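*Asks:* My structure is stored as target36.cif, with mmCIF, C-alpha atoms.
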```
data_work
#
loop_
_atom_site.label_atom_id
_atom_site.label_comp_id
_atom_site.auth_asym_id
_atom_site.auth_seq_id
_atom_site.Cartn_x
_atom_site.Cartn_y
_atom_site.Cartn_z
CA MET X 21 0.00 0.00 0.00
CA LEU X 22 2.87 2.36 0.81
CA GLN X 23 4.35 1.62 -2.60
CA SER X 24 1.03 2.57 -4.20
CA ALA X 25 0.79 5.86 -2.28
CA ILE X 26 4.36 6.88 -3.10
CA TYR X 27 3.84 6.03 -6.75
CA ARG X 28 0.68 8.13 -6.96
CA MET X 29 2.43 11.15 -5.44
CA LEU X 30 5.25 10.83 -7.97
CA ARG X 31 2.77 10.35 -10.78
CA ILE X 32 0.87 13.55 -9.93
CA PHE X 33 4.15 15.45 -9.80
CA PHE X 34 5.39 14.18 -13.17
CA ILE X 35 2.04 14.67 -14.91
CA THR X 36 1.92 18.26 -13.65
CA LEU X 37 5.50 18.82 -14.78
CA ASP X 38 4.77 17.34 -18.18
CA PHE X 39 1.68 19.53 -18.59
CA TRP X 40 3.49 22.79 -17.90
CA PHE X 41 6.54 21.99 -20.00
CA ASN X 42 4.54 20.79 -23.00
CA THR X 43 1.71 23.30 -23.12
CA ASP X 44 2.17 26.51 -25.05
CA GLN X 45 0.44 28.97 -22.75
CA SER X 46 0.83 31.78 -25.25
CA SER X 47 -1.76 30.00 -27.39
CA PHE X 48 -4.42 30.74 -24.76
CA PRO X 49 -6.15 34.14 -24.62
CA PRO X 50 -5.04 35.98 -21.46
CA SER X 51 -8.40 35.62 -19.74
CA GLN X 52 -8.50 31.90 -20.47
CA ALA X 53 -4.93 31.33 -19.29
CA GLN X 54 -5.77 33.03 -16.00
CA ARG X 55 -8.78 30.77 -15.49
CA ARG X 56 -7.16 27.48 -16.50
CA GLY X 57 -7.19 26.08 -13.00
CA LYS X 58 -10.94 26.66 -12.57
CA PRO X 59 -13.62 24.38 -13.98
CA SER X 60 -15.86 25.98 -16.54
CA GLN X 61 -19.39 26.70 -15.39
CA SER X 62 -20.95 26.55 -18.84
CA ILE X 63 -20.66 24.26 -21.85
CA PRO X 64 -19.38 25.98 -25.04
CA LEU X 65 -21.83 25.85 -27.93
CA GLU X 66 -19.36 24.00 -30.15
CA ASN X 67 -19.20 21.19 -27.60
CA LEU X 68 -22.91 20.65 -28.12
CA THR X 69 -22.61 20.36 -31.88
CA THR X 70 -19.16 18.86 -32.47
CA PRO X 71 -18.96 15.04 -32.56
CA PRO X 72 -16.87 13.62 -29.70
CA SER X 73 -13.20 12.92 -30.38
CA SER X 74 -11.80 9.39 -30.35
CA ALA X 75 -10.38 10.00 -26.87
CA GLN X 76 -13.81 11.10 -25.63
CA GLN X 77 -15.38 8.07 -27.24
CA THR X 78 -12.88 5.86 -25.42
CA GLU X 79 -13.79 7.42 -22.09
CA MET X 80 -17.51 7.11 -22.83
CA SER X 81 -17.17 3.48 -23.82
CA SER X 82 -15.33 2.85 -20.56
CA SER X 83 -18.08 4.49 -18.51
CA ASP X 84 -20.67 2.44 -20.37
CA LEU X 85 -19.08 -0.71 -18.91
CA ILE X 86 -21.16 -0.24 -15.76
CA GLU X 87 -24.16 -1.40 -17.81
CA LEU X 88 -22.66 -4.87 -18.17
CA ASP X 89 -24.20 -7.61 -16.05
CA THR X 90 -21.32 -8.70 -13.85
CA TRP X 91 -17.92 -7.53 -12.66
CA GLU X 92 -16.47 -10.51 -14.47
CA GLU X 93 -17.72 -9.04 -17.75
CA ILE X 94 -16.47 -5.58 -16.82
CA TYR X 95 -13.05 -6.97 -15.95
CA LYS X 96 -12.84 -8.94 -19.19
CA GLU X 97 -13.96 -5.95 -21.27
CA GLU X 98 -11.40 -3.65 -19.62
CA CYS X 99 -8.60 -6.16 -20.21
CA LEU X 100 -9.54 -6.74 -23.86
CA SER X 101 -9.84 -3.00 -24.49
CA PHE X 102 -6.50 -2.36 -22.76
CA LYS X 103 -4.80 -5.07 -24.83
CA ALA X 104 -6.25 -3.75 -28.11
CA ARG X 105 -5.19 -0.19 -27.34
CA LEU X 106 -1.65 -1.33 -26.49
CA GLU X 107 -1.45 -3.19 -29.81
CA THR X 108 -2.68 -0.13 -31.71
CA GLN X 109 -0.11 2.21 -30.16
CA ALA X 110 2.71 -0.27 -30.74
CA GLN X 111 1.68 -0.52 -34.38
CA ILE X 112 1.56 3.27 -34.76
CA LEU X 113 5.08 3.57 -33.33
CA ARG X 114 6.54 0.68 -35.30
CA GLN X 115 4.84 1.10 -38.69
CA ASP X 116 3.51 4.70 -38.75
CA PRO X 117 0.48 3.66 -40.86
CA GLU X 118 -0.68 7.25 -41.44
CA ASN X 119 2.81 8.53 -42.35
CA GLN X 120 2.76 11.15 -39.61
CA GLY X 121 6.43 10.83 -38.76
CA VAL X 122 7.43 12.49 -35.51
CA ASN X 123 4.01 14.15 -35.29
CA ARG X 124 2.47 10.83 -34.22
CA ILE X 125 4.47 10.88 -30.98
CA HIS X 126 2.22 13.43 -29.28
CA GLY X 127 -0.90 11.35 -29.88
CA VAL X 128 0.79 8.17 -28.68
CA ARG X 129 1.98 9.89 -25.50
CA LYS X 130 -1.54 11.03 -24.68
CA GLU X 131 -2.85 7.53 -25.28
CA LEU X 132 -0.19 6.02 -23.01
CA MET X 133 -1.23 8.35 -20.19
CA SER X 134 -4.84 7.29 -20.74
CA LEU X 135 -3.81 3.63 -20.70
CA SER X 136 -2.09 4.23 -17.37
CA HIS X 137 -5.46 5.24 -15.92
CA GLN X 138 -7.09 2.18 -17.49
CA ALA X 139 -4.61 -0.07 -15.68
CA GLU X 140 -6.02 1.37 -12.47
CA ARG X 141 -9.55 0.52 -13.63
CA ILE X 142 -8.50 -3.06 -14.37
CA LYS X 143 -7.23 -3.40 -10.82
CA GLU X 144 -10.45 -1.99 -9.36
CA ALA X 145 -12.61 -4.25 -11.55
CA ALA X 146 -10.57 -7.29 -10.52
CA PHE X 147 -11.13 -6.73 -6.82
CA GLU X 148 -14.82 -5.94 -7.32
CA MET X 149 -15.01 -9.22 -9.23
CA VAL X 150 -13.45 -11.08 -6.29
CA ASP X 151 -16.01 -9.56 -3.89
CA GLN X 152 -19.12 -9.74 -6.07
CA THR X 153 -18.57 -12.82 -8.26
CA PRO X 154 -16.12 -15.11 -6.43
CA ASP X 155 -17.21 -18.01 -8.65
CA SER X 156 -15.86 -16.19 -11.72
CA VAL X 157 -13.67 -18.27 -13.99
CA TYR X 158 -10.88 -15.70 -13.54
CA VAL X 159 -11.05 -15.99 -9.76
CA ARG X 160 -11.17 -19.80 -9.82
CA ASN X 161 -8.21 -20.05 -12.19
CA ALA X 162 -6.05 -17.53 -10.33
CA THR X 163 -3.28 -18.57 -7.97
CA PRO X 164 -3.85 -17.60 -4.30
CA GLU X 165 -1.14 -14.95 -4.49
CA TRP X 166 -2.62 -13.33 -7.63
CA LEU X 167 -5.84 -11.95 -6.11
CA SER X 168 -5.66 -12.64 -2.37
CA SER X 169 -4.31 -10.20 0.22
CA ARG X 170 -3.57 -13.00 2.70
CA PHE X 171 0.01 -13.11 1.43
CA GLY X 172 0.60 -9.34 1.33
CA ASP X 173 -0.38 -7.08 -1.55
CA PRO X 174 -1.98 -9.20 -4.29
CA GLN X 175 0.28 -9.79 -7.27
CA LEU X 176 -2.35 -8.37 -9.61
CA GLU X 177 -2.24 -5.07 -7.73
CA GLN X 178 1.55 -4.97 -7.90
CA VAL X 179 1.52 -5.71 -11.64
CA CYS X 180 -1.10 -3.03 -12.32
CA ILE X 181 0.90 -0.45 -10.38
CA SER X 182 3.99 -1.47 -12.32
CA MET X 183 2.11 -1.07 -15.62
CA GLU X 184 0.86 2.37 -14.59
CA TYR X 185 4.41 3.45 -13.77
CA SER X 186 5.84 1.92 -16.96
CA LEU X 187 3.27 3.60 -19.22
CA ASP X 188 3.88 6.99 -17.61
CA ARG X 189 7.64 6.49 -17.90
CA LEU X 190 7.41 5.46 -21.57
CA ALA X 191 5.32 8.54 -22.31
CA PHE X 192 7.99 10.77 -20.76
CA GLU X 193 10.76 8.97 -22.64
CA LEU X 194 8.97 9.58 -25.93
CA ARG X 195 8.67 13.24 -25.03
CA SER X 196 12.38 13.59 -24.32
CA ASP X 197 13.57 11.45 -27.25
CA PRO X 198 11.10 10.58 -30.06
CA SER X 199 13.76 8.34 -31.63
CA MET X 200 13.00 5.80 -28.88
CA ASP X 201 9.76 4.94 -30.69
CA LEU X 202 10.79 1.38 -31.59
CA MET X 203 12.04 0.67 -28.08
CA VAL X 204 8.74 1.88 -26.64
CA ALA X 205 6.85 -0.21 -29.20
CA GLY X 206 8.74 -3.28 -27.98
CA HIS X 207 7.75 -2.57 -24.37
CA LEU X 208 4.10 -2.17 -25.38
CA GLU X 209 4.18 -5.46 -27.28
CA GLN X 210 5.64 -7.22 -24.23
CA MET X 211 2.94 -5.69 -22.05
CA THR X 212 0.32 -6.96 -24.51
CA ASP X 213 1.68 -10.49 -24.15
CA ASP X 214 1.65 -10.16 -20.35
CA ILE X 215 -2.01 -9.11 -20.37
CA GLU X 216 -2.92 -12.07 -22.55
CA MET X 217 -1.02 -14.53 -20.35
CA ASP X 218 -1.71 -13.21 -16.84
CA PHE X 219 -5.02 -11.35 -16.98
CA LEU X 220 -7.17 -13.17 -19.55
#
```
Go ahead and express the file in the form of structure tokens.

*Replies:*
Amino acid sequence: MLQSAIYRMLRIFFITLDFWFNTDQSSFPPSQAQRRGKPSQSIPLENLTTPPSSAQQTEMSSSDLIELDTWEEIYKEECLSFKARLETQAQILRQDPENQGVNRIHGVRKELMSLSHQAERIKEAAFEMVDQTPDSVYVRNATPEWLSSRFGDPQLEQVCISMEYSLDRLAFELRSDPSMDLMVAGHLEQMTDDIEMDFL
């Protein structure tokens, strides 16, 4: 638990640092820049008419998971979605299918940060599954150390925290050196294999 708390403090620090160093504040009107820390009280008209972006669609699809019948289904859906998104980002880095060159790095970095949050959701869904559907096939097939806290922090929790940290770190490495794209792709591919083997 202490490891988790320390990691989250470091994560907040690095995300804040990344935001300030990679946001061109001059692109904001002065009044908007002054209000950036405050939530908007009204919805801009264009937000009511513009179709949601792919990132927004991803978040909406994740929130829609609560409509599934059981936590087992939610857990499975989160894992499959996570795996598919990892594969997509690895392919973008390795093959650059849209010929974006270095410009694709920014989009991949944002997606890696989003995937880091999804790793947290996988962990939460797993423990809800243990509590609500203990007869789940995933619970029955798991080793005692994988989901149980009787032996210390469950291994699944440790792996999810490690994935969160790794995804954040890979995003920062891409920011500092875009030429590491193939190395990052290799890490994402390995993570995809780990999800398939350990979580599904």

*Asks:* Return the single residue from X:Glu165, X:Asp151, X:Asp201, X:Glu216 that is closest to Gln109 of chain X, with distances computed using only C-alpha atoms.

*Replies:* X:Asp201

*Asks:* Can you measure atom CA of Ser182 of chain X to atom CA of Asp89 of chain X for me? One decimal in Å is fine.

*Replies:*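 So the answer is 29.1 Å.
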
*Asks:* For atom CA of Met149 of chain X and atom CA of Glu107 of chain X, determine how far apart the two atoms are, in Å to one decimal place.

*Replies:*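 Computing it gives 25.4 Å between the two atoms.
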
*Asks:* Quick one: distance from atom CA of Ala162 of chain X to atom CA of Phe102 of chain X in Å, one decimal?

*Replies:*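 Going from atom CA of Ala162 of chain X over to atom CA of Phe102 of chain X covers 19.6 Å.
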
*Asks:* Leaving out Tyr95 of chain X and any residue of its chain fewer than 3 positions from it, which residues lie within 8 Å of it when counting only C-alpha atoms, given as a list in words?

*Replies:*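 In the requested form, the answer reads Trp91, Glu92, Glu98, Cys99, Ile142, Ala145, Ala146 and Met149 of chain X.
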
*Asks:* Measuring between only C-alpha atoms, which one of X:Thr90, X:Val128, X:Met183, X:Met211 shows the shortest distance to Val150 of chain X?

*Replies:*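 Of X:Thr90, X:Val128, X:Met183, X:Met211, the one nearest Val150 of chain X, counting only C-alpha atoms, is X:Thr90.
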
*Asks:* Would you kindly translate the PyMOL selection byres ((chain X and resi 207) around 12) into the concrete residues it picks from this file, as an NGL selection string?

*Replies:* :X and (106-107 or 109-111 or 113-114 or 132 or 183 or 186-187 or 189-191 or 200-206 or 208-214)

*Asks:* Write the residues you've just listed into a file as a short mmCIF file (atom, residue, chain, number, x, y, z; two decimals), keeping the file's coordinate frame, and include C-alpha atoms for each of them.

*Replies:*
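out04.cif written:
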```cif
data_model
loop_
_atom_site.label_atom_id
_atom_site.label_comp_id
_atom_site.auth_asym_id
_atom_site.auth_seq_id
_atom_site.Cartn_x
_atom_site.Cartn_y
_atom_site.Cartn_z
CA LEU X 106 -1.65 -1.33 -26.49
CA GLU X 107 -1.45 -3.19 -29.81
CA GLN X 109 -0.11 2.21 -30.16
CA ALA X 110 2.71 -0.27 -30.74
CA GLN X 111 1.68 -0.52 -34.38
CA LEU X 113 5.08 3.57 -33.33
CA ARG X 114 6.54 0.68 -35.30
CA LEU X 132 -0.19 6.02 -23.01
CA MET X 183 2.11 -1.07 -15.62
CA SER X 186 5.84 1.92 -16.96
CA LEU X 187 3.27 3.60 -19.22
CA ARG X 189 7.64 6.49 -17.90
CA LEU X 190 7.41 5.46 -21.57
CA ALA X 191 5.32 8.54 -22.31
CA MET X 200 13.00 5.80 -28.88
CA ASP X 201 9.76 4.94 -30.69
CA LEU X 202 10.79 1.38 -31.59
CA MET X 203 12.04 0.67 -28.08
CA VAL X 204 8.74 1.88 -26.64
CA ALA X 205 6.85 -0.21 -29.20
CA GLY X 206 8.74 -3.28 -27.98
CA LEU X 208 4.10 -2.17 -25.38
CA GLU X 209 4.18 -5.46 -27.28
CA GLN X 210 5.64 -7.22 -24.23
CA MET X 211 2.94 -5.69 -22.05
CA THR X 212 0.32 -6.96 -24.51
CA ASP X 213 1.68 -10.49 -24.15
CA ASP X 214 1.65 -10.16 -20.35
#
```

*Asks:* List the residues matched by the PyMOL selection byres ((chain X and resi 181) around 9) in the displayed structure as a PDB file with C-alpha atoms, keeping the file's coordinate frame, ordered by chain and then by residue number.

*Replies:*
```pdb
ATOM      1  CA  GLN X  23       4.350   1.620  -2.600  1.00  0.00           C
ATOM      2  CA  SER X  24       1.030   2.570  -4.200  1.00  0.00           C
ATOM      3  CA  TYR X  27       3.840   6.030  -6.750  1.00  0.00           C
ATOM      4  CA  SER X 136      -2.090   4.230 -17.370  1.00  0.00           C
ATOM      5  CA  ALA X 139      -4.610  -0.070 -15.680  1.00  0.00           C
ATOM      6  CA  GLU X 140      -6.020   1.370 -12.470  1.00  0.00           C
ATOM      7  CA  LYS X 143      -7.230  -3.400 -10.820  1.00  0.00           C
ATOM      8  CA  LEU X 176      -2.350  -8.370  -9.610  1.00  0.00           C
ATOM      9  CA  GLU X 177      -2.240  -5.070  -7.730  1.00  0.00           C
ATOM     10  CA  GLN X 178       1.550  -4.970  -7.900  1.00  0.00           C
ATOM     11  CA  VAL X 179       1.520  -5.710 -11.640  1.00  0.00           C
ATOM     12  CA  CYS X 180      -1.100  -3.030 -12.320  1.00  0.00           C
ATOM     13  CA  SER X 182       3.990  -1.470 -12.320  1.00  0.00           C
ATOM     14  CA  MET X 183       2.110  -1.070 -15.620  1.00  0.00           C
ATOM     15  CA  GLU X 184       0.860   2.370 -14.590  1.00  0.00           C
ATOM     16  CA  TYR X 185       4.410   3.450 -13.770  1.00  0.00           C
ATOM     17  CA  SER X 186       5.840   1.920 -16.960  1.00  0.00           C
TER      18      SER X 186
END
```

*Asks:* Taking all atoms listed in the file into account, which of X:Arg129, X:Arg160, X:Arg170, X:His137 comes nearest Asp197 of chain X?

*Replies:*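 When distances to Asp197 of chain X are compared using all atoms listed in the file, the smallest one comes from X:Arg129.
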
*Asks:* Given the choices X:Phe192, X:Asn119, X:Thr108, X:Pro154, which gets closest to Leu167 of chain X if the distance is worked out from only C-alpha atoms?

*Replies:*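 Closest to Leu167 of chain X, using only C-alpha atoms: X:Pro154.
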
*Asks:* Where atoms are absent from segment 115-131 of chain X, fill them in so it carries N, CA and C atoms, then output it as a CSV table (one decimal), keeping the file's coordinate frame.

*Replies:*
```
chain,number,residue,atom,x,y,z
X,115,GLN,N,5.1,1.1,-37.3
X,115,GLN,CA,4.8,1.1,-38.7
X,115,GLN,C,4.4,2.5,-39.2
X,116,ASP,N,4.0,3.4,-38.3
X,116,ASP,CA,3.5,4.7,-38.8
X,116,ASP,C,2.5,4.6,-39.9
X,117,PRO,N,1.4,3.9,-39.7
X,117,PRO,CA,0.5,3.7,-40.9
X,117,PRO,C,-0.1,4.9,-41.5
X,118,GLU,N,-0.1,6.0,-40.8
X,118,GLU,CA,-0.7,7.2,-41.4
X,118,GLU,C,0.4,8.2,-41.9
X,119,ASN,N,1.7,7.7,-41.9
X,119,ASN,CA,2.8,8.5,-42.4
X,119,ASN,C,2.9,9.9,-41.7
X,120,GLN,N,2.7,9.9,-40.4
X,120,GLN,CA,2.8,11.2,-39.6
X,120,GLN,C,4.2,11.5,-39.2
X,121,GLY,N,5.1,10.6,-39.2
X,121,GLY,CA,6.4,10.8,-38.8
X,121,GLY,C,6.5,11.1,-37.3
X,122,VAL,N,7.3,12.1,-36.9
X,122,VAL,CA,7.4,12.5,-35.5
X,122,VAL,C,6.1,13.1,-34.9
X,123,ASN,N,5.2,13.6,-35.8
X,123,ASN,CA,4.0,14.2,-35.3
X,123,ASN,C,3.1,13.1,-34.6
X,124,ARG,N,3.3,11.8,-34.9
X,124,ARG,CA,2.5,10.8,-34.2
X,124,ARG,C,2.8,10.6,-32.8
X,125,ILE,N,4.0,11.1,-32.3
X,125,ILE,CA,4.5,10.9,-31.0
X,125,ILE,C,3.5,11.5,-30.0
X,126,HIS,N,3.1,12.7,-30.2
X,126,HIS,CA,2.2,13.4,-29.3
X,126,HIS,C,0.9,12.6,-29.0
X,127,GLY,N,0.3,12.1,-30.1
X,127,GLY,CA,-0.9,11.4,-29.9
X,127,GLY,C,-0.7,10.1,-29.1
X,128,VAL,N,0.5,9.4,-29.4
X,128,VAL,CA,0.8,8.2,-28.7
X,128,VAL,C,1.0,8.5,-27.2
X,129,ARG,N,1.7,9.5,-26.9
X,129,ARG,CA,2.0,9.9,-25.5
X,129,ARG,C,0.7,10.1,-24.7
X,130,LYS,N,-0.3,10.8,-25.3
X,130,LYS,CA,-1.5,11.0,-24.7
X,130,LYS,C,-2.3,9.7,-24.4
X,131,GLU,N,-2.2,8.8,-25.4
X,131,GLU,CA,-2.8,7.5,-25.3
X,131,GLU,C,-2.2,6.7,-24.2
```
